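Note: the block below is protein07.cif and it holds mmCIF, C-alpha atoms.
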data_protein
loop_
_atom_site.label_atom_id
_atom_site.label_comp_id
_atom_site.auth_asym_id
_atom_site.auth_seq_id
_atom_site.Cartn_x
_atom_site.Cartn_y
_atom_site.Cartn_z
CA MET A 1 30.73 147.39 144.94
CA SER A 2 31.04 144.67 142.30
CA SER A 3 28.36 141.99 142.03
CA VAL A 4 28.93 138.54 143.52
CA TYR A 5 27.95 134.97 142.72
CA ASN A 6 25.40 134.25 145.44
CA PHE A 7 25.16 130.56 146.34
CA ASN A 8 23.73 131.11 149.83
CA ALA A 9 21.52 128.34 151.17
CA GLY A 10 18.95 130.79 152.54
CA PRO A 11 18.10 133.57 152.74
CA ALA A 12 19.15 133.20 149.15
CA ALA A 13 19.42 135.06 145.87
CA LEU A 14 16.37 136.95 144.66
CA PRO A 15 15.66 137.78 141.00
CA LYS A 16 17.33 141.05 140.08
CA ALA A 17 14.25 142.10 138.12
CA ALA A 18 12.04 141.71 141.21
CA LEU A 19 14.45 143.67 143.38
CA GLU A 20 14.65 146.48 140.82
CA VAL A 21 10.87 146.87 140.76
CA ALA A 22 10.78 146.89 144.56
CA GLN A 23 13.55 149.51 144.59
CA LYS A 24 11.62 151.71 142.17
CA GLU A 25 8.42 151.46 144.20
CA LEU A 26 10.02 151.55 147.65
CA LEU A 27 9.22 155.17 148.55
CA ASN A 28 5.99 155.60 146.61
CA PHE A 29 3.89 152.51 145.98
CA ASN A 30 1.05 152.85 143.48
CA ASP A 31 1.04 156.67 143.82
CA THR A 32 0.03 156.42 147.48
CA GLY A 33 2.94 158.60 148.59
CA MET A 34 3.90 155.78 150.95
CA SER A 35 6.03 152.68 150.88
CA VAL A 36 4.11 149.40 150.75
CA MET A 37 5.62 148.81 154.21
CA GLU A 38 3.66 151.81 155.48
CA LEU A 39 0.25 150.81 154.11
CA SER A 40 -2.50 149.46 156.33
CA HIS A 41 -2.99 145.78 155.75
CA ARG A 42 -6.73 146.59 155.56
CA SER A 43 -6.28 149.15 152.77
CA LYS A 44 -7.42 148.67 149.18
CA ASP A 45 -3.88 149.20 147.89
CA TYR A 46 -2.44 146.44 150.05
CA ASP A 47 -5.41 144.13 149.44
CA ALA A 48 -4.68 144.30 145.72
CA VAL A 49 -1.12 143.11 146.43
CA HIS A 50 -2.39 140.33 148.69
CA GLN A 51 -4.93 139.01 146.18
CA GLN A 52 -2.63 139.25 143.17
CA THR A 53 0.09 137.31 144.99
CA LYS A 54 -2.38 134.53 145.82
CA GLN A 55 -3.65 134.39 142.26
CA LEU A 56 -0.14 134.24 140.79
CA LEU A 57 0.81 131.40 143.13
CA LYS A 58 -2.41 129.61 142.22
CA LYS A 59 -1.66 130.06 138.51
CA LEU A 60 1.99 129.02 138.61
CA LEU A 61 1.44 125.91 140.74
CA SER A 62 -1.98 125.05 139.25
CA ILE A 63 -3.55 125.03 142.71
CA PRO A 64 -7.19 123.81 142.63
CA ASP A 65 -10.02 125.74 144.25
CA THR A 66 -10.28 122.96 146.84
CA TYR A 67 -7.14 124.31 148.58
CA ASP A 68 -6.58 127.31 150.84
CA ILE A 69 -3.49 129.46 150.28
CA LEU A 70 -2.25 130.94 153.55
CA PHE A 71 0.49 133.48 154.24
CA LEU A 72 1.88 132.83 157.73
CA GLN A 73 4.91 133.69 159.82
CA GLY A 74 7.32 131.65 161.94
CA GLY A 75 9.01 129.86 159.06
CA ALA A 76 8.70 126.17 158.26
CA SER A 77 9.88 125.54 161.82
CA LEU A 78 6.56 126.75 163.24
CA GLN A 79 4.78 124.39 160.84
CA PHE A 80 6.58 121.50 162.53
CA ALA A 81 4.23 122.14 165.49
CA MET A 82 1.25 123.73 163.75
CA LEU A 83 0.77 120.67 161.54
CA PRO A 84 0.29 118.14 164.37
CA TYR A 85 -1.73 120.60 166.43
CA ASN A 86 -4.25 120.69 163.60
CA LEU A 87 -4.01 117.32 161.88
CA LEU A 88 -2.83 114.81 164.50
CA PRO A 89 -5.78 113.76 166.69
CA GLN A 90 -5.27 111.59 169.77
CA ASN A 91 -6.33 108.34 168.11
CA LYS A 92 -4.04 108.72 165.08
CA VAL A 93 -0.32 108.47 164.27
CA GLY A 94 1.80 111.01 162.42
CA GLN A 95 4.11 109.14 160.04
CA TYR A 96 7.49 110.75 159.28
CA VAL A 97 10.03 109.93 156.59
CA LEU A 98 13.50 111.03 157.71
CA THR A 99 15.79 112.31 154.96
CA GLY A 100 17.78 114.97 156.81
CA SER A 101 18.01 117.45 159.65
CA TRP A 102 14.77 119.28 158.90
CA SER A 103 12.66 116.14 158.87
CA GLU A 104 14.28 115.19 162.18
CA LYS A 105 13.25 118.55 163.63
CA ALA A 106 9.72 118.17 162.28
CA LEU A 107 9.45 114.77 163.98
CA LYS A 108 10.83 116.11 167.25
CA GLU A 109 8.16 118.82 167.46
CA ALA A 110 5.32 116.47 166.53
CA THR A 111 6.41 114.00 169.21
CA LEU A 112 5.67 116.68 171.81
CA ILE A 113 2.10 116.96 170.57
CA GLY A 114 0.90 113.48 169.58
CA GLU A 115 1.83 109.95 168.64
CA THR A 116 4.43 109.65 165.88
CA ASN A 117 6.32 106.97 164.02
CA VAL A 118 9.39 106.87 161.76
CA LEU A 119 8.03 105.35 158.59
CA ALA A 120 11.41 105.25 156.83
CA SER A 121 14.87 106.73 157.25
CA THR A 122 18.18 106.92 155.42
CA LYS A 123 20.13 108.18 158.40
CA GLU A 124 22.38 105.11 158.32
CA SER A 125 23.82 106.33 155.00
CA ASN A 126 24.25 109.86 156.39
CA TYR A 127 21.18 110.84 154.38
CA SER A 128 22.82 110.31 151.00
CA THR A 129 19.66 108.82 149.44
CA ILE A 130 15.87 109.12 149.39
CA PRO A 131 14.05 106.02 150.69
CA ASP A 132 11.76 103.85 148.59
CA LEU A 133 8.27 103.70 150.10
CA ARG A 134 6.72 101.30 147.60
CA ASP A 135 6.62 98.35 150.02
CA THR A 136 5.94 100.38 153.16
CA PRO A 137 3.06 99.03 155.30
CA PHE A 138 0.56 101.84 155.82
CA THR A 139 -2.39 101.61 158.20
CA ASP A 140 -5.78 103.26 158.53
CA ASN A 141 -4.49 104.77 161.76
CA ASP A 142 -2.13 107.14 159.93
CA ALA A 143 -3.10 110.80 160.37
CA TYR A 144 -0.71 111.90 157.63
CA VAL A 145 2.61 111.03 156.00
CA HIS A 146 5.22 113.79 156.24
CA ILE A 147 8.17 114.21 153.88
CA THR A 148 10.76 116.91 153.18
CA SER A 149 10.89 117.30 149.41
CA ASN A 150 14.46 118.63 149.21
CA ASN A 151 17.24 118.43 151.75
CA THR A 152 19.49 121.48 151.70
CA ILE A 153 22.23 120.13 153.95
CA TYR A 154 22.71 116.75 152.26
CA GLY A 155 21.79 117.70 148.71
CA THR A 156 19.08 115.09 148.14
CA GLN A 157 15.62 115.47 146.62
CA TRP A 158 12.51 113.39 145.98
CA LYS A 159 12.40 112.83 142.22
CA GLN A 160 9.03 111.11 142.41
CA PHE A 161 6.69 111.66 145.31
CA PRO A 162 5.14 108.64 147.05
CA SER A 163 1.63 107.74 145.97
CA ILE A 164 -0.38 108.03 149.18
CA SER A 165 -4.15 107.58 149.19
CA HIS A 166 -5.04 106.36 152.68
CA ALA A 167 -3.95 109.57 154.44
CA PRO A 168 -2.86 113.10 153.48
CA LEU A 169 0.67 113.44 152.12
CA VAL A 170 2.28 116.51 153.73
CA ALA A 171 5.44 118.04 152.32
CA ASP A 172 7.88 120.62 153.59
CA MET A 173 8.88 122.16 150.25
CA SER A 174 10.81 125.11 151.64
CA SER A 175 13.84 124.61 149.42
CA ASP A 176 12.39 123.48 146.09
CA ILE A 177 8.88 124.88 145.78
CA LEU A 178 8.38 126.67 142.44
CA SER A 179 11.49 125.01 140.99
CA ARG A 180 9.70 122.28 139.01
CA LYS A 181 6.28 121.07 138.00
CA ILE A 182 4.33 119.22 140.70
CA ASP A 183 0.81 117.87 141.02
CA VAL A 184 -0.64 119.68 144.01
CA ASN A 185 -3.50 117.18 144.09
CA GLN A 186 -1.05 114.56 145.40
CA PHE A 187 -0.76 116.46 148.66
CA GLY A 188 -3.03 117.18 151.56
CA MET A 189 -0.75 120.04 152.51
CA ILE A 190 2.40 121.78 151.30
CA TYR A 191 4.30 124.33 153.35
CA ALA A 192 7.36 126.38 152.55
CA GLY A 193 9.47 129.12 154.05
CA ALA A 194 9.83 131.75 151.33
CA GLN A 195 13.51 132.54 151.68
CA LYS A 196 14.92 130.18 149.06
CA ASN A 197 12.74 130.25 145.93
CA LEU A 198 9.72 132.40 146.74
CA GLY A 199 10.94 135.64 148.29
CA PRO A 200 12.45 137.10 151.45
CA SER A 201 12.58 135.51 154.87
CA GLY A 202 9.60 136.17 157.10
CA VAL A 203 6.81 134.69 154.95
CA THR A 204 5.63 131.08 155.06
CA VAL A 205 3.28 129.78 152.40
CA VAL A 206 0.84 127.01 153.32
CA ILE A 207 -1.24 125.27 150.66
CA VAL A 208 -3.77 123.03 152.41
CA LYS A 209 -6.92 121.17 151.41
CA LYS A 210 -9.97 123.00 152.69
CA GLU A 211 -11.52 119.79 153.98
CA LEU A 212 -8.50 119.19 156.23
CA VAL A 213 -8.85 122.66 157.72
CA GLN A 214 -12.55 122.08 158.32
CA GLN A 215 -11.99 118.65 159.88
CA ALA A 216 -9.24 119.79 162.26
CA GLN A 217 -10.01 119.24 165.95
CA VAL A 218 -8.70 122.46 167.44
CA GLU A 219 -10.87 123.16 170.47
CA HIS A 220 -7.82 123.36 172.73
CA VAL A 221 -5.37 124.77 170.17
CA PRO A 222 -4.39 128.45 170.57
CA THR A 223 -6.04 130.73 168.04
CA MET A 224 -2.82 131.66 166.26
CA LEU A 225 -1.90 128.00 165.75
CA ARG A 226 -5.10 127.10 163.91
CA TYR A 227 -5.11 126.94 160.11
CA GLY A 228 -8.80 127.84 160.27
CA THR A 229 -7.98 131.19 161.86
CA PHE A 230 -6.07 132.23 158.75
CA ALA A 231 -8.27 130.45 156.20
CA GLU A 232 -11.39 132.17 157.51
CA ASN A 233 -9.70 135.57 157.52
CA ASP A 234 -7.74 135.38 154.26
CA SER A 235 -4.46 135.43 156.25
CA LEU A 236 -5.49 138.83 157.68
CA TYR A 237 -6.52 137.80 161.20
CA ASN A 238 -3.58 139.83 162.46
CA THR A 239 -1.05 141.99 160.62
CA PRO A 240 0.65 139.78 158.02
CA PRO A 241 4.25 140.32 156.82
CA THR A 242 3.05 142.78 154.19
CA PHE A 243 6.39 143.72 152.62
CA GLY A 244 7.42 140.07 152.42
CA ILE A 245 4.14 139.18 150.68
CA TYR A 246 4.61 142.14 148.31
CA LEU A 247 8.12 140.96 147.38
CA LEU A 248 6.88 137.39 147.08
CA GLY A 249 4.42 138.73 144.53
CA LYS A 250 7.22 140.41 142.60
CA VAL A 251 9.17 137.14 142.48
CA LEU A 252 6.06 135.35 141.20
CA GLU A 253 5.58 138.04 138.52
CA TRP A 254 9.16 137.43 137.40
CA ALA A 255 8.65 133.66 137.33
CA ASP A 256 5.48 134.08 135.29
CA SER A 257 7.15 136.48 132.85
CA ILE A 258 9.98 134.10 131.94
CA GLY A 259 7.73 131.13 131.24
CA GLY A 260 6.59 129.76 134.59
CA LEU A 261 7.45 126.35 136.00
CA GLU A 262 8.28 124.79 132.65
CA LYS A 263 11.05 127.31 132.02
CA LEU A 264 12.26 127.31 135.62
CA GLU A 265 12.51 123.52 135.68
CA GLN A 266 14.43 123.50 132.39
CA VAL A 267 16.96 126.08 133.56
CA ASN A 268 17.34 124.45 136.98
CA GLU A 269 18.12 121.10 135.36
CA GLU A 270 20.71 122.77 133.13
CA LYS A 271 22.38 124.47 136.10
CA ALA A 272 22.50 121.26 138.11
CA LYS A 273 23.90 119.30 135.16
CA ILE A 274 26.76 121.77 134.74
CA LEU A 275 27.92 121.19 138.31
CA TYR A 276 27.24 117.46 138.58
CA ASP A 277 29.05 116.84 135.27
CA THR A 278 32.01 118.75 136.69
CA ILE A 279 32.01 116.57 139.79
CA ASP A 280 31.60 113.32 137.85
CA SER A 281 34.37 114.12 135.37
CA SER A 282 36.92 115.11 138.03
CA ASP A 283 38.33 111.57 138.51
CA GLY A 284 37.35 111.63 142.17
CA PHE A 285 38.87 115.01 143.00
CA TYR A 286 35.36 116.23 143.73
CA LYS A 287 32.96 113.75 145.32
CA GLY A 288 29.23 114.35 145.56
CA HIS A 289 27.56 113.48 148.85
CA ALA A 290 24.20 112.46 147.38
CA HIS A 291 23.71 109.22 145.48
CA PRO A 292 23.16 110.06 141.79
CA SER A 293 19.56 108.78 141.93
CA SER A 294 18.73 111.22 144.72
CA ARG A 295 20.68 114.30 143.68
CA SER A 296 19.07 117.66 144.34
CA SER A 297 18.66 120.21 141.57
CA MET A 298 18.71 122.93 144.25
CA ASN A 299 21.68 122.11 146.50
CA VAL A 300 24.82 120.56 145.05
CA THR A 301 26.96 119.15 147.87
CA PHE A 302 30.51 117.89 147.35
CA THR A 303 33.83 117.35 149.09
CA LEU A 304 37.48 117.61 148.06
CA PRO A 305 40.27 115.08 148.82
CA ASN A 306 41.08 116.59 152.22
CA GLU A 307 40.23 119.42 154.59
CA GLU A 308 43.26 121.49 153.58
CA LEU A 309 42.21 121.52 149.93
CA SER A 310 38.62 122.35 150.90
CA LYS A 311 39.79 125.40 152.84
CA SER A 312 42.04 126.45 150.01
CA PHE A 313 39.25 126.12 147.45
CA LEU A 314 36.79 128.08 149.58
CA SER A 315 39.38 130.79 150.17
CA LEU A 316 40.01 131.14 146.44
CA ALA A 317 36.28 131.17 145.74
CA LYS A 318 35.78 134.00 148.22
CA GLU A 319 38.54 136.01 146.54
CA ARG A 320 36.83 135.54 143.18
CA GLY A 321 33.46 136.78 144.43
CA PHE A 322 31.69 133.51 145.24
CA VAL A 323 29.46 133.69 148.32
CA GLY A 324 27.91 130.91 150.42
CA LEU A 325 29.83 127.86 149.17
CA ASN A 326 30.76 126.49 152.59
CA GLY A 327 29.21 123.08 153.24
CA HIS A 328 27.11 122.48 156.33
CA ARG A 329 29.07 121.27 159.35
CA SER A 330 27.17 117.94 159.19
CA ILE A 331 29.03 116.82 156.07
CA GLY A 332 31.68 119.51 155.52
CA GLY A 333 33.07 120.29 152.10
CA CYS A 334 31.13 122.62 149.82
CA ARG A 335 27.55 123.35 148.93
CA ALA A 336 26.30 125.33 145.95
CA SER A 337 22.67 126.34 146.40
CA ILE A 338 21.34 127.04 142.92
CA TYR A 339 17.80 128.22 143.53
CA ASN A 340 15.63 129.82 140.84
CA ALA A 341 17.25 133.25 141.00
CA VAL A 342 20.82 131.97 140.66
CA PRO A 343 21.68 132.60 136.98
CA ILE A 344 23.19 129.92 134.79
CA GLU A 345 26.23 132.18 134.34
CA ALA A 346 27.02 131.74 138.04
CA CYS A 347 27.09 127.95 137.63
CA ILE A 348 29.33 128.24 134.58
CA ALA A 349 31.70 130.47 136.55
CA LEU A 350 31.76 127.96 139.41
CA ARG A 351 32.44 125.12 136.98
CA ASP A 352 35.38 127.02 135.54
CA LEU A 353 36.73 127.73 139.02
CA MET A 354 36.42 124.05 140.00
CA ASN A 355 38.25 122.94 136.87
CA GLU A 356 40.98 125.52 137.38
CA PHE A 357 41.47 124.54 141.01
CA LYS A 358 41.63 120.84 140.16
CA SER A 359 44.24 121.37 137.43
CA ASN A 360 46.39 123.41 139.84
CA ASN A 361 46.18 120.90 142.68
#
Since I need it in another form, could you write the structure as structure tokens?
Amino acid sequence: MSSVYNFNAGPAALPKAALEVAQKELLNFNDTGMSVMELSHRSKDYDAVHQQTKQLLKKLLSIPDTYDILFLQGGASLQFAMLPYNLLPQNKVGQYVLTGSWSEKALKEATLIGETNVLASTKESNYSTIPDLRDTPFTDNDAYVHITSNNTIYGTQWKQFPSISHAPLVADMSSDILSRKIDVNQFGMIYAGAQKNLGPSGVTVVIVKKELVQQAQVEHVPTMLRYGTFAENDSLYNTPPTFGIYLLGKVLEWADSIGGLEKLEQVNEEKAKILYDTIDSSDGFYKGHAHPSSRSSMNVTFTLPNEELSKSFLSLAKERGFVGLNGHRSIGGCRASIYNAVPIEACIALRDLMNEFKSNN
């Protein structure tokens, strides 16, 4: 079967180099005679995988020793509830900034658990921009401020994170973690489903300040919903998703080998520029959903003049080996998800297809 251009929104493309190593080691990991999927999670061979993956993540993101790195399950969606269970006491308010569907879902779950408030929202513009929080009135009653760093459906992204000092800043970074340099110290907690930039689906990474874990009031919270359960047991309280963590480690090895975040950010900006320049120079044939100031470097969303042309373009793209370009039903049109593992050649090929289709229609 011929290779394809994978623009899936998630689960998404994985680095070919990481997959090739996993393929080579699949039946016999580290001369154990077993696949890594067959190893005990208490074994020395698996523990080496576990620790190396944590150390690589710590190195690539420059995570200070004052943070715990947890490998959980349940996706970012479970974090929508786990966060308020741990960090939203009865006398505090969870503040939420709405920039898309996932932040709406995070708010909905938190509302079931404690008091919440919508701090800011760009829903009235169909989430085409990121709000400005510079003049937002914060209070000492805020438990945390929650944002979604990148919005896959609408193609928007925080270019600069809000400067929050009165309460922990919490970010769902599922779709742009490891894609650019960030200052982890700005955040009380970061969480991310792995299936876009980090690895396969099934692993969730949580990076949380140790003091927040220690301060959490969890007397009536189920054991498996406590961050402390996993922090105290190095994410080994129960059987973790061992193969997912192993493959996450292989992706991190690849990222480290090509130059880390500096190189990834450079390439991601180049890829995004190729597609946004194509949209902007099309004389309105292609229209981006996101305002230029809020454009995502991970998810490029755009529409064509009408539904018939959109269907025709997507049909042609499928014939040419492009996968995952259908836009979300919320805004229609097209979406090119250009996560870390999507090569620049794929973006060039998409640009050429877009130009060809425009000239023919």
Could you list the residues chosen by the PyMOL selection byres ((chain A and resi 204) around 7) in this structure as a PyMOL selection string?
-> chain A and resi 71-73+75-76+192-194+202-203+205-206
Return the single residue from A:Asn6, A:His291, A:Lys44, A:Lys59 that is closest to Gly259 in chain A, with distances computed using only C-alpha atoms.
-> A:Lys59
Written as a PyMOL selection string, which residues does the PyMOL selection byres ((chain A and resi 145-159) around 7) give for the file shown?
-> chain A and resi 94-97+100+103+127-130+144+160-161+167-173+175-176+289-290+294-296+299-301+328
Which residue out of A:Pro343, A:Gly74, A:Pro15, A:Gly284 has the minimum interatomic distance to Val251 in chain A when all atoms listed in the file are used?
->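 Nearest to Val251 in chain A: A:Pro15.
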Give me the residues near Val49 in chain A as a short mmCIF file (atom, residue, chain, number, x, y, z; two decimals) with C-alpha atoms, in the coordinates of the input, where near means some atom within 12 Å (using only C-alpha atoms) and where sequence neighbours in that chain fewer than 6 positions away do not count.
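Saved result, out.cif, follows:
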data_model
loop_
_atom_site.label_atom_id
_atom_site.label_comp_id
_atom_site.auth_asym_id
_atom_site.auth_seq_id
_atom_site.Cartn_x
_atom_site.Cartn_y
_atom_site.Cartn_z
CA PHE A 29 3.89 152.51 145.98
CA ASN A 30 1.05 152.85 143.48
CA VAL A 36 4.11 149.40 150.75
CA MET A 37 5.62 148.81 154.21
CA LEU A 39 0.25 150.81 154.11
CA SER A 40 -2.50 149.46 156.33
CA HIS A 41 -2.99 145.78 155.75
CA ARG A 42 -6.73 146.59 155.56
CA SER A 43 -6.28 149.15 152.77
CA GLN A 55 -3.65 134.39 142.26
CA LEU A 56 -0.14 134.24 140.79
CA THR A 242 3.05 142.78 154.19
CA PHE A 243 6.39 143.72 152.62
CA GLY A 244 7.42 140.07 152.42
CA ILE A 245 4.14 139.18 150.68
CA TYR A 246 4.61 142.14 148.31
CA LEU A 247 8.12 140.96 147.38
CA LEU A 248 6.88 137.39 147.08
CA GLY A 249 4.42 138.73 144.53
CA LYS A 250 7.22 140.41 142.60
CA LEU A 252 6.06 135.35 141.20
CA GLU A 253 5.58 138.04 138.52
#
For CA of Asp142 in chain A and CA of Ala216 in chain A, determine how far apart the two atoms are, in Å to one decimal place.
-> 14.7 Å
Among the residues A:Gln23, A:Tyr67, A:Asn126, A:Thr32, the one that comes closest to Ser330 in chain A [using all atoms listed in the file] = A:Asn126
Skipping near chain neighbours, those fewer than 3 positions away, what residues fall within 10 Å of range 221-236 of chain A using all atoms listed in the file, listed as JSON, numbers by chain?
-> {"A": [41, 42, 47, 50, 51, 67, 68, 69, 70, 71, 72, 78, 79, 81, 82, 83, 85, 86, 87, 206, 208, 210, 212, 213, 214, 215, 216, 217, 218, 239, 240, 241]}
Please work out which residues fall within 6 Å of (7.8, 125.7, 137.7), coordinates as given in the file, with all atoms listed in the file counting, and return them as a short mmCIF file (atom, residue, chain, number, x, y, z; two decimals) with C-alpha atoms, keeping the file's coordinate frame.
data_model
loop_
_atom_site.label_atom_id
_atom_site.label_comp_id
_atom_site.auth_asym_id
_atom_site.auth_seq_id
_atom_site.Cartn_x
_atom_site.Cartn_y
_atom_site.Cartn_z
CA LEU A 178 8.38 126.67 142.44
CA SER A 179 11.49 125.01 140.99
CA ARG A 180 9.70 122.28 139.01
CA LYS A 181 6.28 121.07 138.00
CA GLY A 260 6.59 129.76 134.59
CA LEU A 261 7.45 126.35 136.00
CA GLU A 262 8.28 124.79 132.65
CA LEU A 264 12.26 127.31 135.62
CA GLU A 265 12.51 123.52 135.68
#
Would you mind listing what lies within 8 Å of Leu98 in chain A as a list in words, with all atoms listed in the file counted and same-chain residues fewer than 6 positions away left out?
-> Glu104, Val118, Leu119, Ala120, Ser121, Thr122, Lys123, Ile147 and Thr148 of chain A
List the residues selected by the PyMOL selection byres ((chain A and resi 113) around 10) in the file shown, writing them as a CSV table (one decimal) with C-alpha atoms, in the frame of the given file.
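Below is the file part_14.csv, written as the result:
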chain,number,residue,atom,x,y,z
A,81,ALA,CA,4.2,122.1,165.5
A,82,MET,CA,1.2,123.7,163.8
A,83,LEU,CA,0.8,120.7,161.5
A,84,PRO,CA,0.3,118.1,164.4
A,85,TYR,CA,-1.7,120.6,166.4
A,88,LEU,CA,-2.8,114.8,164.5
A,89,PRO,CA,-5.8,113.8,166.7
A,90,GLN,CA,-5.3,111.6,169.8
A,108,LYS,CA,10.8,116.1,167.2
A,109,GLU,CA,8.2,118.8,167.5
A,110,ALA,CA,5.3,116.5,166.5
A,111,THR,CA,6.4,114.0,169.2
A,112,LEU,CA,5.7,116.7,171.8
A,114,GLY,CA,0.9,113.5,169.6
A,115,GLU,CA,1.8,110.0,168.6
A,116,THR,CA,4.4,109.6,165.9
So, counting only C-alpha atoms, which residue among A:Gly33, A:Ala12, A:Leu61, A:Ser77 is closest to Asp183 in chain A?
->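 With only C-alpha atoms as the atom set, the closest residue is A:Leu61.
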Here CA of Pro162 in chain A and CA of Leu133 in chain A stand apart by 6.6 Å
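Minimum distance to Tyr339 in chain A across A:Leu316, A:Leu14, A:Ala48, A:Met354 (counting only C-alpha atoms) occurs at A:Leu14.
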What is the CA of Asn326 in chain A to CA of Lys16 in chain A distance in Å?
->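 One can read the CA of Asn326 in chain A to CA of Lys16 in chain A distance as 23.4 Å.
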Have a look at A:Thr53, A:Ser3, A:Asn268, A:Asn361 and name the one nearest to Asp256 in chain A; count only C-alpha atoms.
->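 Closest to Asp256 in chain A, using only C-alpha atoms: A:Thr53.
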Could you give me the axis-aligned bounding box of range 234-239 of chain A, with 3 Å of padding per side, as centre plus edge lengths in Å to one decimal, as lines of an AutoDock Vina configuration file?
center_x = -4.4
center_y = 138.7
center_z = 158.4
size_x = 12.7
size_y = 12.6
size_z = 14.2
